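See below for start06.cif, which holds mmCIF, C-alpha atoms and all ligand atoms.
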```
data_query
#
loop_
_atom_site.label_atom_id
_atom_site.label_comp_id
_atom_site.auth_asym_id
_atom_site.auth_seq_id
_atom_site.Cartn_x
_atom_site.Cartn_y
_atom_site.Cartn_z
CA MET A 601 32.13 3.93 25.43
CA ILE A 602 30.63 0.47 25.10
CA ILE A 603 26.88 0.91 25.28
CA GLN A 604 24.56 -1.93 26.17
CA PRO A 605 20.92 -1.87 27.29
CA ARG A 606 20.29 -1.02 30.91
CA VAL A 607 16.63 -1.68 31.62
CA ARG A 608 14.66 -0.51 34.61
CA GLY A 609 10.99 -1.45 34.55
CA PHE A 610 9.49 -0.35 31.27
CA ILE A 611 12.30 2.05 30.43
CA CYS A 612 15.72 1.57 28.97
CA LEU A 613 18.26 3.95 30.48
CA THR A 614 20.77 3.73 27.64
CA SER A 615 20.61 4.24 23.88
CA HIS A 616 23.00 3.32 21.12
CA PRO A 617 23.96 6.07 18.64
CA GLU A 618 24.76 3.76 15.72
CA GLY A 619 21.80 1.49 16.44
CA THR A 620 19.33 4.37 16.52
CA ALA A 621 20.88 5.66 13.28
CA GLU A 622 20.25 2.23 11.75
CA HIS A 623 16.64 2.38 12.96
CA VAL A 624 16.16 5.80 11.35
CA LYS A 625 17.79 4.60 8.13
CA GLN A 626 15.47 1.59 7.91
CA GLN A 627 12.47 3.89 8.28
CA ILE A 628 13.80 6.21 5.57
CA ASP A 629 14.38 3.22 3.26
CA TYR A 630 10.82 2.05 3.83
CA VAL A 631 9.35 5.44 2.94
CA LYS A 632 11.52 5.68 -0.18
CA SER A 633 10.46 2.16 -1.23
CA LYS A 634 6.84 3.34 -1.29
CA GLY A 635 7.57 6.07 -3.83
CA GLU A 636 6.66 9.72 -3.89
CA ILE A 637 3.54 10.94 -2.09
CA GLN A 638 1.64 12.94 -4.70
CA ASN A 639 0.82 16.53 -3.62
CA GLY A 640 2.36 15.88 -0.21
CA PRO A 641 3.48 18.54 2.28
CA LYS A 642 6.45 20.80 1.48
CA LYS A 643 7.15 22.74 4.69
CA VAL A 644 6.40 20.90 7.89
CA LEU A 645 6.57 21.58 11.61
CA VAL A 646 6.57 18.42 13.76
CA ILE A 647 5.99 18.87 17.49
CA GLY A 648 7.23 15.70 19.24
CA ALA A 649 9.52 14.81 16.33
CA SER A 650 12.21 12.67 17.92
CA THR A 651 10.60 9.27 18.56
CA GLY A 652 7.50 7.20 17.81
CA PHE A 653 4.78 8.56 15.54
CA GLY A 654 6.26 12.07 15.42
CA LEU A 655 9.63 10.84 14.11
CA ALA A 656 7.87 8.59 11.60
CA SER A 657 5.78 11.58 10.46
CA ARG A 658 8.91 13.67 9.98
CA ILE A 659 10.62 10.90 8.01
CA THR A 660 7.52 10.43 5.84
CA ALA A 661 7.22 14.15 5.09
CA ALA A 662 10.91 14.51 4.24
CA PHE A 663 11.61 11.33 2.33
CA GLY A 664 8.12 10.71 0.95
CA SER A 665 7.42 14.20 -0.27
CA GLY A 666 10.69 16.12 -0.19
CA ALA A 667 9.54 18.37 2.65
CA ALA A 668 11.64 20.81 4.62
CA THR A 669 11.09 19.93 8.28
CA ILE A 670 11.47 21.64 11.62
CA GLY A 671 11.33 19.22 14.54
CA VAL A 672 10.58 20.13 18.16
CA PHE A 673 11.36 17.70 20.98
CA PHE A 674 12.67 17.36 24.51
CA GLU A 675 15.78 15.17 24.56
CA LYS A 676 19.18 14.95 26.22
CA PRO A 677 22.64 14.78 24.64
CA ALA A 678 25.31 12.56 26.16
CA ALA A 679 26.71 13.56 29.54
CA PRO A 680 29.94 12.23 31.06
CA GLY A 681 29.56 8.47 31.44
CA LYS A 682 26.01 8.56 30.08
CA PRO A 683 24.77 8.18 26.51
CA GLY A 684 22.24 10.63 25.07
CA THR A 685 18.57 9.75 24.76
CA ALA A 686 17.29 7.75 21.80
CA GLY A 687 15.37 10.79 20.54
CA TRP A 688 18.57 12.83 20.56
CA TYR A 689 20.42 10.26 18.47
CA ASN A 690 17.41 9.72 16.19
CA SER A 691 17.27 13.43 15.46
CA ALA A 692 21.00 13.66 14.79
CA ALA A 693 20.74 10.73 12.38
CA PHE A 694 17.64 12.17 10.72
CA GLU A 695 19.22 15.58 10.13
CA LYS A 696 22.35 14.02 8.64
CA GLU A 697 20.33 11.82 6.27
CA ALA A 698 18.14 14.79 5.31
CA GLN A 699 21.16 16.99 4.60
CA ALA A 700 22.75 14.25 2.52
CA ALA A 701 19.54 14.13 0.49
CA GLY A 702 19.54 17.91 0.04
CA LEU A 703 16.58 18.45 2.34
CA TYR A 704 16.26 21.29 4.83
CA ALA A 705 16.01 20.02 8.43
CA LYS A 706 16.44 21.91 11.67
CA SER A 707 15.48 21.09 15.23
CA ILE A 708 14.55 22.80 18.48
CA ASN A 709 15.27 21.00 21.75
CA GLY A 710 13.15 22.35 24.60
CA ASP A 711 9.80 22.31 26.35
CA ALA A 712 7.13 22.46 23.64
CA PHE A 713 4.53 23.43 26.26
CA SER A 714 6.33 26.73 26.90
CA ASP A 715 5.72 30.06 25.16
CA GLU A 716 9.49 30.41 24.59
CA VAL A 717 9.79 27.30 22.45
CA LYS A 718 6.72 28.30 20.44
CA GLN A 719 8.38 31.66 19.78
CA GLN A 720 11.63 29.94 18.77
CA ALA A 721 9.72 27.82 16.27
CA ILE A 722 7.96 30.90 14.88
CA ASP A 723 11.26 32.77 14.52
CA LEU A 724 12.88 29.81 12.77
CA ILE A 725 9.95 29.38 10.37
CA LYS A 726 10.04 33.12 9.54
CA GLN A 727 13.78 33.09 9.03
CA ASP A 728 14.05 29.94 6.91
CA LEU A 729 10.71 28.81 5.51
CA GLY A 730 8.33 31.76 5.66
CA GLN A 731 5.32 29.56 6.34
CA VAL A 732 4.50 25.91 6.98
CA ASP A 733 1.76 23.91 5.23
CA LEU A 734 1.55 21.04 7.76
CA VAL A 735 1.79 20.99 11.56
CA VAL A 736 2.03 17.54 13.18
CA TYR A 737 1.27 17.46 16.89
CA SER A 738 2.68 14.26 18.43
CA LEU A 739 3.63 15.00 22.02
CA ALA A 740 3.44 12.31 24.68
CA SER A 741 4.48 13.44 28.11
CA PRO A 742 3.77 12.60 31.74
CA ARG A 743 3.76 16.29 32.79
CA ARG A 744 3.19 19.83 31.56
CA THR A 745 3.97 23.16 33.11
CA HIS A 746 1.13 25.44 32.05
CA PRO A 747 2.53 28.49 30.24
CA LYS A 748 -0.09 30.92 31.54
CA THR A 749 -0.54 29.77 35.16
CA GLY A 750 2.85 28.16 35.88
CA VAL A 751 1.04 25.18 37.41
CA ALA A 752 2.85 21.84 36.94
CA HIS A 753 0.27 19.24 35.88
CA ALA A 754 1.04 15.51 36.17
CA SER A 755 -0.98 13.00 34.15
CA VAL A 756 -2.11 9.65 35.57
CA LEU A 757 -3.07 6.36 33.92
CA LYS A 758 -6.06 5.30 35.99
CA PRO A 759 -9.58 4.00 35.56
CA ILE A 760 -12.51 6.20 36.53
CA GLY A 761 -15.27 5.06 38.90
CA GLN A 762 -14.18 1.57 39.89
CA PRO A 763 -10.98 -0.45 40.20
CA PHE A 764 -9.89 -2.34 37.11
CA THR A 765 -8.45 -5.84 37.32
CA ASN A 766 -7.10 -7.65 34.30
CA LYS A 767 -4.07 -9.45 32.94
CA THR A 768 -0.82 -7.71 32.32
CA VAL A 769 2.65 -8.78 31.28
CA ASP A 770 6.16 -8.00 32.43
CA PHE A 771 7.48 -8.14 28.89
CA HIS A 772 11.12 -8.55 29.89
CA ALA A 773 10.51 -11.51 32.19
CA GLY A 774 7.60 -12.86 30.13
CA VAL A 775 5.44 -13.19 33.23
CA VAL A 776 1.66 -12.79 32.94
CA SER A 777 -0.15 -11.77 36.10
CA ASP A 778 -3.26 -10.02 37.29
CA ILE A 779 -3.05 -6.35 38.04
CA SER A 780 -5.57 -4.23 39.93
CA ILE A 781 -5.51 -0.52 39.35
CA GLN A 782 -7.34 1.78 41.72
CA PRO A 783 -9.56 4.46 40.19
CA VAL A 784 -8.88 8.19 40.42
CA GLU A 785 -9.57 9.69 43.80
CA SER A 786 -10.59 13.11 42.53
CA GLN A 787 -11.73 15.04 39.50
CA GLU A 788 -8.41 16.87 39.79
CA GLU A 789 -6.51 13.80 38.58
CA ILE A 790 -8.69 13.69 35.48
CA ASP A 791 -8.29 17.43 34.92
CA ASN A 792 -4.52 17.20 35.27
CA THR A 793 -4.36 14.40 32.70
CA ILE A 794 -6.48 16.47 30.31
CA ALA A 795 -4.17 19.45 30.91
CA VAL A 796 -1.15 17.35 29.88
CA MET A 797 -2.50 15.14 27.07
CA GLY A 798 -5.63 17.01 25.94
CA GLY A 799 -5.86 19.57 23.16
CA GLU A 800 -5.12 22.86 24.92
CA ASP A 801 -1.45 22.98 24.01
CA TRP A 802 -2.21 21.99 20.40
CA LYS A 803 -4.60 24.97 20.32
CA PHE A 804 -1.98 27.26 21.85
CA TRP A 805 0.46 26.21 19.13
CA ILE A 806 -1.98 26.81 16.30
CA GLU A 807 -3.09 30.17 17.76
CA ALA A 808 0.53 31.32 18.15
CA LEU A 809 1.55 30.15 14.68
CA LYS A 810 -1.50 31.72 13.09
CA SER A 811 -1.18 35.11 14.73
CA ALA A 812 2.49 35.18 13.71
CA GLY A 813 1.38 34.65 10.11
CA VAL A 814 3.47 31.52 9.61
CA LEU A 815 0.64 29.18 8.58
CA ALA A 816 0.23 28.88 4.81
CA GLU A 817 -3.11 29.16 3.02
CA GLY A 818 -4.72 25.70 3.16
CA VAL A 819 -2.55 24.54 6.07
CA LYS A 820 -3.27 21.14 7.63
CA THR A 821 -2.68 20.11 11.21
CA VAL A 822 -2.97 16.62 12.66
CA ALA A 823 -2.74 15.14 16.17
CA TYR A 824 -2.79 11.48 17.20
CA SER A 825 -5.32 9.53 19.22
CA TYR A 826 -6.11 5.96 20.19
CA ILE A 827 -9.27 3.92 20.85
CA GLY A 828 -8.41 0.21 21.06
CA PRO A 829 -10.43 -2.81 22.14
CA GLU A 830 -13.06 -3.04 24.87
CA LEU A 831 -10.73 -5.01 27.11
CA THR A 832 -8.51 -1.95 27.55
CA TYR A 833 -11.37 0.58 27.80
CA PRO A 834 -11.24 0.85 31.62
CA ILE A 835 -7.53 1.76 31.59
CA TYR A 836 -7.42 3.54 28.23
CA ARG A 837 -10.42 4.98 26.43
CA ASN A 838 -12.72 5.24 29.47
CA GLY A 839 -9.87 6.08 31.84
CA THR A 840 -8.03 9.33 32.49
CA ILE A 841 -6.02 9.16 29.26
CA GLY A 842 -9.25 8.59 27.31
CA LYS A 843 -10.70 11.78 28.78
CA ALA A 844 -7.63 13.61 27.51
CA LYS A 845 -8.11 12.02 24.06
CA ASP A 846 -11.79 13.10 24.10
CA HIS A 847 -10.56 16.62 24.75
CA LEU A 848 -7.95 16.39 21.98
CA GLU A 849 -10.61 15.19 19.53
CA GLY A 850 -12.94 17.93 20.75
CA THR A 851 -10.30 20.51 19.85
CA VAL A 852 -10.68 19.73 16.12
CA PRO A 853 -13.80 21.90 15.55
CA VAL A 854 -12.19 24.71 17.56
CA LEU A 855 -9.12 24.66 15.34
CA ASN A 856 -11.21 24.34 12.20
CA SER A 857 -13.01 27.61 12.95
CA LEU A 858 -9.71 29.25 13.86
CA LEU A 859 -8.21 28.16 10.52
CA GLN A 860 -11.28 28.74 8.38
CA ASP A 861 -10.25 32.13 6.99
CA ILE A 862 -6.97 30.73 5.64
CA GLY A 863 -8.64 27.59 4.31
CA GLY A 864 -6.91 25.46 6.91
CA VAL A 865 -8.18 22.22 8.42
CA SER A 866 -7.36 20.08 11.44
CA TYR A 867 -7.62 16.34 11.99
CA VAL A 868 -7.17 13.74 14.63
CA SER A 869 -5.84 10.46 13.32
CA VAL A 870 -6.61 7.37 15.37
CA ASN A 871 -3.50 5.22 15.12
CA LYS A 872 -2.74 1.58 15.81
CA ALA A 873 -1.40 0.33 19.15
CA LEU A 874 2.36 0.11 18.79
CA VAL A 875 5.44 -0.36 20.89
CA THR A 876 6.75 3.09 21.80
CA GLN A 877 8.33 4.55 24.90
CA SER A 878 4.92 5.90 25.92
CA SER A 879 2.77 2.81 25.32
CA SER A 880 5.11 0.47 27.20
CA ALA A 881 4.31 2.44 30.36
CA ILE A 882 0.58 1.65 30.24
CA PRO A 883 -0.52 -1.44 32.24
CA VAL A 884 -2.39 -4.20 30.33
CA VAL A 885 -1.61 -2.63 26.94
CA PRO A 886 1.73 -4.42 26.28
CA LEU A 887 0.04 -7.83 26.61
CA TYR A 888 -2.68 -6.70 24.21
CA ILE A 889 -0.02 -5.43 21.77
CA SER A 890 1.92 -8.69 21.87
CA LEU A 891 -1.24 -10.69 21.05
CA LEU A 892 -2.28 -8.15 18.41
CA TYR A 893 1.12 -8.35 16.71
CA LYS A 894 0.87 -12.15 16.58
CA VAL A 895 -2.56 -12.04 14.93
CA MET A 896 -1.75 -9.21 12.52
CA LYS A 897 1.57 -10.75 11.47
CA GLU A 898 -0.14 -14.07 10.79
CA LYS A 899 -2.69 -12.31 8.62
CA GLY A 900 0.07 -10.34 6.88
CA ILE A 901 -1.41 -6.98 7.90
CA HIS A 902 1.03 -5.91 10.61
CA GLU A 903 2.34 -2.33 10.50
CA GLY A 904 4.90 -0.45 12.60
CA THR A 905 5.02 3.32 13.21
CA ILE A 906 6.60 4.10 9.85
CA GLU A 907 4.12 1.98 7.86
CA GLN A 908 1.28 3.69 9.76
CA MET A 909 2.53 7.20 9.06
CA GLN A 910 3.37 6.52 5.41
CA ARG A 911 -0.19 5.23 4.94
CA LEU A 912 -1.63 8.19 6.87
CA PHE A 913 0.07 10.63 4.50
CA ALA A 914 -0.33 8.73 1.23
CA GLU A 915 -3.84 7.32 1.68
CA ARG A 916 -5.49 9.78 4.04
CA LEU A 917 -4.04 13.30 4.52
CA TYR A 918 -2.79 13.75 0.94
CA LYS A 919 -5.09 11.37 -0.87
CA GLU A 920 -6.71 12.87 -3.93
CA GLY A 921 -10.32 13.89 -3.26
CA GLU A 922 -12.14 13.65 0.07
CA ILE A 923 -10.16 12.47 3.07
CA PRO A 924 -11.87 9.34 4.43
CA VAL A 925 -13.03 9.88 8.03
CA ASP A 926 -15.32 8.08 10.50
CA GLU A 927 -18.73 9.28 11.77
CA LYS A 928 -16.95 11.52 14.28
CA GLY A 929 -14.74 13.11 11.64
CA ARG A 930 -11.64 11.20 12.69
CA ILE A 931 -9.08 9.69 10.34
CA ARG A 932 -8.71 5.96 11.08
CA VAL A 933 -5.43 4.19 10.43
CA ASP A 934 -6.33 1.76 13.22
CA ASP A 935 -8.74 0.20 10.71
CA LEU A 936 -6.76 -3.03 10.36
CA GLU A 937 -6.27 -3.38 14.14
CA MET A 938 -10.01 -2.93 14.71
CA ARG A 939 -11.13 -5.43 12.04
CA ASP A 940 -13.67 -7.87 13.53
CA ASP A 941 -11.66 -10.96 12.65
CA VAL A 942 -8.51 -9.49 14.23
CA GLN A 943 -10.30 -8.46 17.41
CA ALA A 944 -12.12 -11.79 17.75
CA GLU A 945 -8.82 -13.69 17.60
CA VAL A 946 -7.09 -11.37 20.04
CA ALA A 947 -10.01 -11.71 22.49
CA LYS A 948 -9.77 -15.50 22.28
CA LEU A 949 -6.01 -15.46 22.91
CA TRP A 950 -6.48 -12.97 25.73
CA GLU A 951 -8.57 -15.53 27.65
CA GLN A 952 -5.89 -18.19 27.15
CA ALA A 953 -2.74 -16.17 27.87
CA THR A 954 -0.57 -17.39 30.75
CA THR A 955 3.13 -17.20 31.59
CA GLU A 956 3.48 -20.80 30.36
CA ASN A 957 2.00 -20.33 26.87
CA LEU A 958 3.01 -16.70 26.30
CA GLU A 959 5.95 -17.36 23.95
CA GLU A 960 3.79 -19.65 21.86
CA ILE A 961 0.49 -17.78 21.53
CA SER A 962 1.76 -14.19 21.53
CA ASP A 963 4.46 -12.20 19.77
CA ILE A 964 6.13 -11.26 23.02
CA ALA A 965 9.48 -11.85 21.30
CA GLY A 966 8.54 -9.27 18.67
CA TYR A 967 7.40 -6.87 21.36
CA ARG A 968 10.71 -7.17 23.18
CA SER A 969 12.70 -6.83 19.99
CA GLU A 970 10.83 -3.68 18.98
CA PHE A 971 11.22 -2.25 22.46
CA PHE A 972 15.01 -2.65 22.18
CA HIS A 973 14.96 -1.21 18.66
CA LEU A 974 13.51 2.01 20.11
CA PHE A 975 16.82 2.47 21.90
CA GLY A 976 19.02 1.30 19.04
CA PHE A 977 19.62 -2.21 20.36
CA ASN A 978 19.11 -5.62 18.85
CA PHE A 979 20.19 -4.74 15.31
CA ASP A 980 22.29 -7.43 13.60
CA GLN A 981 24.27 -4.76 11.76
CA ILE A 982 25.67 -3.27 14.98
CA ASP A 983 28.51 -4.64 17.11
CA TYR A 984 27.42 -3.92 20.67
CA GLU A 985 30.76 -5.06 22.11
CA ALA A 986 32.59 -2.35 20.19
CA ASP A 987 33.52 1.06 21.49
CA THR A 988 31.32 3.81 20.09
CA ASN A 989 31.43 7.59 20.38
CA GLU A 990 28.47 8.57 22.54
CA VAL A 991 28.95 12.29 21.90
CA VAL A 992 26.87 13.00 18.82
CA GLU A 993 25.85 16.46 17.64
CA ILE A 994 22.56 17.36 16.09
CA PRO A 995 23.89 19.51 13.22
CA SER A 996 21.35 22.35 13.65
CA ILE A 997 21.73 22.51 17.45
CA LYS A 998 24.95 24.01 18.68
P1 LIG B 1 6.78 8.95 22.04
O1 LIG B 1 7.05 8.90 23.50
O2 LIG B 1 7.52 8.02 21.15
O3 LIG B 1 7.04 10.45 21.49
C1 LIG B 1 6.82 11.58 22.25
C2 LIG B 1 7.50 12.80 21.65
O4 LIG B 1 7.15 13.95 22.44
C3 LIG B 1 9.04 12.76 21.65
O5 LIG B 1 9.52 13.36 20.47
C4 LIG B 1 9.40 13.62 22.86
O6 LIG B 1 10.70 14.23 22.78
C5 LIG B 1 8.32 14.67 22.76
N1 LIG B 1 8.09 15.40 24.02
C6 LIG B 1 7.61 14.92 25.20
N2 LIG B 1 7.51 15.93 26.10
C7 LIG B 1 7.92 17.06 25.46
C8 LIG B 1 8.04 18.42 25.83
N3 LIG B 1 7.70 18.85 27.05
N4 LIG B 1 8.52 19.30 24.91
C9 LIG B 1 8.88 18.91 23.67
N5 LIG B 1 8.76 17.63 23.26
C10 LIG B 1 8.30 16.72 24.14
O7 LIG B 1 5.22 8.79 21.90
P2 LIG B 1 4.24 8.21 20.76
O8 LIG B 1 3.77 6.86 21.21
O9 LIG B 1 4.80 8.38 19.40
O10 LIG B 1 2.99 9.18 20.96
C11 LIG B 1 2.71 10.29 20.14
C12 LIG B 1 1.21 10.48 20.07
O11 LIG B 1 0.62 9.34 19.46
C13 LIG B 1 0.54 10.61 21.45
O12 LIG B 1 -0.53 11.52 21.35
C14 LIG B 1 -0.01 9.21 21.67
O13 LIG B 1 -1.10 9.19 22.58
C15 LIG B 1 -0.44 8.87 20.27
N6 LIG B 1 -0.69 7.44 20.02
C16 LIG B 1 0.18 6.48 20.43
C17 LIG B 1 -0.10 5.13 20.19
C18 LIG B 1 0.84 4.03 20.62
O14 LIG B 1 0.41 2.87 20.65
N7 LIG B 1 2.07 4.33 20.93
C19 LIG B 1 -1.27 4.77 19.48
C20 LIG B 1 -2.12 5.78 19.04
C21 LIG B 1 -1.83 7.11 19.31
NA NA B 2 6.11 11.07 18.66
#
```
Show me the file's structure as structure tokens.
Amino acid sequence: MIIQPRVRGFICLTSHPEGTAEHVKQQIDYVKSKGEIQNGPKKVLVIGASTGFGLASRITAAFGSGAATIGVFFEKPAAPGKPGTAGWYNSAAFEKEAQAAGLYAKSINGDAFSDEVKQQAIDLIKQDLGQVDLVVYSLASPRRTHPKTGVAHASVLKPIGQPFTNKTVDFHAGVVSDISIQPVESQEEIDNTIAVMGGEDWKFWIEALKSAGVLAEGVKTVAYSYIGPELTYPIYRNGTIGKAKDHLEGTVPVLNSLLQDIGGVSYVSVNKALVTQSSSAIPVVPLYISLLYKVMKEKGIHEGTIEQMQRLFAERLYKEGEIPVDEKGRIRVDDLEMRDDVQAEVAKLWEQATTENLEEISDIAGYRSEFFHLFGFNFDQIDYEADTNEVVEIPSIK
């Protein structure tokens, strides 16, 4: 079929198999260009491996340090008249590139929050790898069915205490407007968001993997968090999602004591704000990102997901000697985003931003382009008028 972008709100309903493969290939090429990561991981489980930071982590482990990888994700193959999801095509492309490079790569498509998928991962590790030495936890989801209670929790993106009014952008139309977001109406909304995006499921994974004996001596596990600037605090760090991130970060000491007897250690890495399927759904944040990209590109310090994850592995997780962390024990690869000079310029531009000057003072064009890249569109190498086969198999999934 001929596949072109079909956008509804902040989501794109279609994905291009060859375009997503190109996107994966560019990320692989970047990691290879940076050379081998010394003493990097060798057997890696990535939970949330099909898009965004999780995919970039998988690519970095495989092509930066020759790791065997098992990826867990929740994606859809093509159905009649409908292309598969970007994460499906990404994973198919990744496995093919890994195989061609002689690297082990298998995937599990299913609900990572369930006990069944955890058991499938354990069985696969036992069968093929024995143990893993790195577990990356990179899920982003709007809902979670709790495996013990069966309760379906839905997360919300809301401020807590009072309404929040600020600028936002419709990044397709390029229109800047004010948005007011009402605060949560109950503690339950906060608790539900923590249940979905907090650390409980990460803990369930590590407990299950450990009691099955599939975590290697000295295992590392890492999950991803975000802080960002004060202007997004009400909707992000001090809002419902921020409470979930507090919980995720608070899970680190719990996991550290769980892993102590096998010399294992857990980390949260605070990453940079980037265009992903998840972040484009958060009000206010896309305008911040488009101003941030402008400033960071001008200063020559811009990074995308793959640059972030390559740096996380090479200069933090597998750096020789002590891993640099902040006063709360967190790894910071948002260090360049949070630099005073960067934040001061973004804050100045934030005050000025209007529909009229948006193209000029922000990198809204870069935002849009990256958004389309997530779905395999907007690559010069691809002919989007041409017929393409939308039915693509992930080699390890029959
Ligand atoms: P993403 O949407 O690109 O990736 C989410 C992944 O989770 C996908 O692989 C998806 O298939 C998988 N997934 C979702 N629900 C699942 C389920 N039920 N079972 C199995 N897999 C499931 O998101 P992302 O932006 O890469 O986010 C990953 C992590 O990084 C999140 O914790 C996020 O908060 C954090 N983070 C994101 C940003 C940002 O700006 N995007 C910044 C800092 C930290
Ligand atoms: Na991810």
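Closest approach to Asp934 of chain A among A:Leu724, A:Ile827, A:Leu645, A:Leu974: A:Ile827, based on only C-alpha atoms.
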Open item on the list: Taking all atoms listed in the file into account, name the residue in A:Thr765, A:Ser707, A:Ser969, A:Ser741 that is nearest to ligand NA 2 (chain B).
Closed with: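 Checking each of A:Thr765, A:Ser707, A:Ser969, A:Ser741 against ligand NA 2 (chain B), counting all atoms listed in the file, the winner is A:Ser741.
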Open item on the list: Please find the residues contacting ligand NA 2 (chain B) at a distance of at most 6 Å between atoms, with all atoms listed in the file counted, and report them as a ChimeraX atom specification.
Closed with: /A:648-649,651-655,738-739
Can you tell me which residues surround Gly761 of chain A at a distance of at most 9 Å, considering all atoms listed in the file, apart from same-chain residues fewer than 3 positions away, and format the answer as a short mmCIF file (atom, residue, chain, number, x, y, z; two decimals) with C-alpha atoms, keeping the file's coordinate frame?
```
data_model
loop_
_atom_site.label_atom_id
_atom_site.label_comp_id
_atom_site.auth_asym_id
_atom_site.auth_seq_id
_atom_site.Cartn_x
_atom_site.Cartn_y
_atom_site.Cartn_z
CA PRO A 783 -9.56 4.46 40.19
CA VAL A 784 -8.88 8.19 40.42
CA GLU A 785 -9.57 9.69 43.80
CA GLY A 839 -9.87 6.08 31.84
#
```
Show me the residues close to (12.3, 9.9, 5.2) - anything with an atom within 12 Å, counting only C-alpha atoms - and format the list as a PDB file with C-alpha atoms, in the coordinates of the input.
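result-v5.pdb written:
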```pdb
ATOM      1  CA  HIS A 623      16.640   2.380  12.960  1.00  0.00           C
ATOM      2  CA  VAL A 624      16.160   5.800  11.350  1.00  0.00           C
ATOM      3  CA  LYS A 625      17.790   4.600   8.130  1.00  0.00           C
ATOM      4  CA  GLN A 626      15.470   1.590   7.910  1.00  0.00           C
ATOM      5  CA  GLN A 627      12.470   3.890   8.280  1.00  0.00           C
ATOM      6  CA  ILE A 628      13.800   6.210   5.570  1.00  0.00           C
ATOM      7  CA  ASP A 629      14.380   3.220   3.260  1.00  0.00           C
ATOM      8  CA  TYR A 630      10.820   2.050   3.830  1.00  0.00           C
ATOM      9  CA  VAL A 631       9.350   5.440   2.940  1.00  0.00           C
ATOM     10  CA  LYS A 632      11.520   5.680  -0.180  1.00  0.00           C
ATOM     11  CA  SER A 633      10.460   2.160  -1.230  1.00  0.00           C
ATOM     12  CA  LYS A 634       6.840   3.340  -1.290  1.00  0.00           C
ATOM     13  CA  GLY A 635       7.570   6.070  -3.830  1.00  0.00           C
ATOM     14  CA  GLU A 636       6.660   9.720  -3.890  1.00  0.00           C
ATOM     15  CA  ILE A 637       3.540  10.940  -2.090  1.00  0.00           C
ATOM     16  CA  LEU A 655       9.630  10.840  14.110  1.00  0.00           C
ATOM     17  CA  ALA A 656       7.870   8.590  11.600  1.00  0.00           C
ATOM     18  CA  SER A 657       5.780  11.580  10.460  1.00  0.00           C
ATOM     19  CA  ARG A 658       8.910  13.670   9.980  1.00  0.00           C
ATOM     20  CA  ILE A 659      10.620  10.900   8.010  1.00  0.00           C
ATOM     21  CA  THR A 660       7.520  10.430   5.840  1.00  0.00           C
ATOM     22  CA  ALA A 661       7.220  14.150   5.090  1.00  0.00           C
ATOM     23  CA  ALA A 662      10.910  14.510   4.240  1.00  0.00           C
ATOM     24  CA  PHE A 663      11.610  11.330   2.330  1.00  0.00           C
ATOM     25  CA  GLY A 664       8.120  10.710   0.950  1.00  0.00           C
ATOM     26  CA  SER A 665       7.420  14.200  -0.270  1.00  0.00           C
ATOM     27  CA  GLY A 666      10.690  16.120  -0.190  1.00  0.00           C
ATOM     28  CA  ALA A 667       9.540  18.370   2.650  1.00  0.00           C
ATOM     29  CA  ALA A 668      11.640  20.810   4.620  1.00  0.00           C
ATOM     30  CA  THR A 669      11.090  19.930   8.280  1.00  0.00           C
ATOM     31  CA  SER A 691      17.270  13.430  15.460  1.00  0.00           C
ATOM     32  CA  ALA A 693      20.740  10.730  12.380  1.00  0.00           C
ATOM     33  CA  PHE A 694      17.640  12.170  10.720  1.00  0.00           C
ATOM     34  CA  GLU A 695      19.220  15.580  10.130  1.00  0.00           C
ATOM     35  CA  LYS A 696      22.350  14.020   8.640  1.00  0.00           C
ATOM     36  CA  GLU A 697      20.330  11.820   6.270  1.00  0.00           C
ATOM     37  CA  ALA A 698      18.140  14.790   5.310  1.00  0.00           C
ATOM     38  CA  GLN A 699      21.160  16.990   4.600  1.00  0.00           C
ATOM     39  CA  ALA A 700      22.750  14.250   2.520  1.00  0.00           C
ATOM     40  CA  ALA A 701      19.540  14.130   0.490  1.00  0.00           C
ATOM     41  CA  GLY A 702      19.540  17.910   0.040  1.00  0.00           C
ATOM     42  CA  LEU A 703      16.580  18.450   2.340  1.00  0.00           C
ATOM     43  CA  ALA A 705      16.010  20.020   8.430  1.00  0.00           C
ATOM     44  CA  ILE A 906       6.600   4.100   9.850  1.00  0.00           C
ATOM     45  CA  GLU A 907       4.120   1.980   7.860  1.00  0.00           C
ATOM     46  CA  MET A 909       2.530   7.200   9.060  1.00  0.00           C
ATOM     47  CA  GLN A 910       3.370   6.520   5.410  1.00  0.00           C
TER      48      GLN A 910
END
```
Open item on the list: Nearest residue to ligand LIG 1 (chain B) out of A:Val925, A:Ala844, A:Leu729, A:Leu613, using all atoms listed in the file?
Closed with: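 Result for the nearest residue to ligand LIG 1 (chain B): A:Ala844.
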Open item on the list: As an exercise, work out the distance from atom CA of Glu960 of chain A to atom CA of Ala873 of chain A in Å and give it to one decimal place.
Closed with: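 For atom CA of Glu960 of chain A relative to atom CA of Ala873 of chain A, the distance reads 20.8 Å.
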- [ ] Kindly indicate which residue among A:Ile901, A:Ile725, A:Ile964, A:Ala823 lies nearest to Gly671 of chain A, using only C-alpha atoms for the distances.
- [x] A:Ile725
